[in-house]
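Student: The structure is given below, and queries will be raised subsequently.
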Amino acid sequence: MAAAVCSPEVSADGQDEPLLNAGEVEEESRDVVETQEHYKSRWRSIWIMYLTMFLSSVGFSIVIMSVWPYLQKIDPTADASFLGWIIASYSIGQMVASPLFGVWSNYRPRREPLVVSTTISVAANCLYAYVHLPHSHNKYYMLTARALVGFGAGNVAVVRSYIAGATSLKERTSAMANTSACQAVGFILGPVFQTCFTLIGEEGITWKLIHLQLNMYTTPVLFGALLGVINIILIFAIFREHRVDDMGRQCKSINFQEESGGLDQDTEGNIDHVAVVAINVLFFVILFVFAVFETIATPLTMDMYSWTRKQAVFYNGIILSVVGIESVIVFMVVKMLSKKTGERAILHGGLLVVLVGFFILLPWGKKLPNIQWQEIKNNSIPRTTSIEMLMPFWSLQALELPSNHTAEPVGCPITQSWCLNTPMIYLAQYITSDILIGLGYPVCNVMSYTLYSKILGPKPQGVYMGWLTASGSGARILGPVFVSQIYTHLGPRWAFSLICGVVVVSLLLLEIVYKRLIAFSVRYGRMQEENC
């Protein structure tokens with residue numbers, strides 16, 4: 001493992017320039033925390049990490065609302081179950097890459113995995129723009145493209161580990177909140193970009209020379225590729241390696257140097273692996289339920305409200321953009337609130353809010369969703385169910401053609417048998433749930449990362465952050481697959497009830513390990529606990 005040598009440093013003219021006042025301490029050698037020049041360079045590099053995190057989330061969210069309609073367009077053989085694998089493929093790639101990039105960043109300059117990963121994402125986005133070209137198996141090309149985009153997004157582990165090592169304990173919560181805020185802004189602007197690009201239309205224009213179609217499905221990923229190129233340039237131009245200890249003293253990172261100046265005494269001690277595993281499990285649950293939420297948005301609204309593909313992309317883009325703005329506000333509030341209540345209490349509250357959000361999303365009324373008119377017209381209702389038996393439960397409106405009907409069938413497909421007996425989820429329920437989940441998820445996300453980095457302390461965090469990111473990626477794999485299968489075959493009542501059960505179990509786990517979730521320095525008595 002990498003070590004770190006911590007010592008005060010001076011400016012080029014030999015004058016100490018303390019930036020952060022750590023208070024009066026007994027040892028004179030610890031009076032100077034860091035120089036002004038080091039502080040500016042450190043935070044410029046952290047801002048580049050914020051940008052990298054932003055672009056990583058944009059790469060995921062910029063197509064999330066349009067994957068399903070685009071998949072249906074390029075490959076009619078794809079069904080809702082395959083959509084789950086398409087969404088999950090991003091996380092499979094990220095889960096594989098995160099530990100690898102984490103190890104790489106522990107022993108080599110972080111610029112290397114950052115540039116390589118971003119280049120992979122750029123190339124994968126370009127591949128996604130061409131998945132319509134093959135004459136068959138288009139859905140598998142899309143699957144490959146999204147998996148490679150996810151592999152490139154494995155640099156999230158590098159970003160988090162760098163920020164954890166480049167901030168003091170007092171700066172950590174704020175820096176992690178800013179990182180998550182940038183991630184949330186990426187999730188906001190991704191659907192916003194997608195919504196704006198819907199104005200191009202499904203056909204768009206074609207650049208015949210290179211067989212490139214510029215439409216509402218391909219333009220967003222090409223825009224994401226452009227942003228990736230800009231990110232690579234900024235990493236080369238501005239990013240520098242920096243490290244400080246929990247007290248904020250400047251350290252020399254030796255993760256890629258041959259000679260070591262010895263171990264700093266602050267790194268002595270063992271990490272609480274019970275706390276580490278617990279945070280990984282909690283983070284898995286947090287990402288799992290959010291993956292379910294974002295995956296189900298488009299199919300759910302198309303089934304419940306008879307929205308067309310274009311309407312589902314547009315309206316959900318607006319809703320999720322508003323929820324994203326809410327999340328950014330939450331991140332800013334959390335930074336201040338954590339100083340008074342501590343990270344553990346806020347994490348507990350966030351999980352409770354998520355639980356209420358999914359509980360509200362359960363079908364409660366008596367009105368059934370409209371059934372796809374085309375399926376009824378083709379007499380595809382199962383023969384075991386007679387019209388006479390169905391009439392008491394269906395409104396006549398459900399049997400009528402939509403007034404604005406097109407060639408595209410809308411409503412809940414008859415192939416999903418639960419459509420015949422499961423009450424619809426009202427739009428007010430859906431929006432209220434969006435608001436609550438948009439409140440609880442960012443709280444849980446940033447508190448998990450903050451607690452995790454504090455538990456690890458001054459130890460090199462690349463590998464550990466890689467495993468945490470892999471844990472979240474695993475959740476993003478299972479979440480879409482879980483909800484696509486359960487939702488398709490059993491309906492929203494079963495899907496969301498099981499999610500509520502998972503959140504309740506995670507709350508019980510948090511109660512069990514609550515007292516162990518403290519900072520490394522606090523655990524070994526080097527700092528006093530301040531609402532940890």
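Naming works like this for the structure tokens: A, B, ... for the chains as they're shown, residue 1 at the start of each chain, ligands 1 onward in shown order.
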Report as a tab-separated table the residues of region 140-165 of chain A within 7 Å of region 96-100 of chain A, each with its shortest atom pair and distance in Å (one decimal), using only C-alpha atoms, ordered by chain and increasing residue number.
Tutor:
```
residue	atom	partner	partner_atom	distance
A:Phe151	CA	A:Ala97	CA	5.3
A:Gly154	CA	A:Ser98	CA	4.2
A:Asn155	CA	A:Ser98	CA	6.4
A:Ala157	CA	A:Ser98	CA	5.7
```
Student: Just the residues within 8 Å of Ile205 (chain A), please, counting only C-alpha atoms, with nothing from its chain fewer than 5 positions along; format it as JSON, numbers by chain.
Tutor: {"A": [213, 214, 215]}
Student: Measure the distance from CA of Gly479 (chain A) to CA of Val289 (chain A) in Å and round it to one decimal.
Tutor: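 So the answer is 6.8 Å.
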Student: Contacts of Phe187 (chain A) at 6 Å or less, counting only C-alpha atoms, minus same-chain residues fewer than 5 places along, as number ranges by chain?
Tutor: A: 57-58, 61
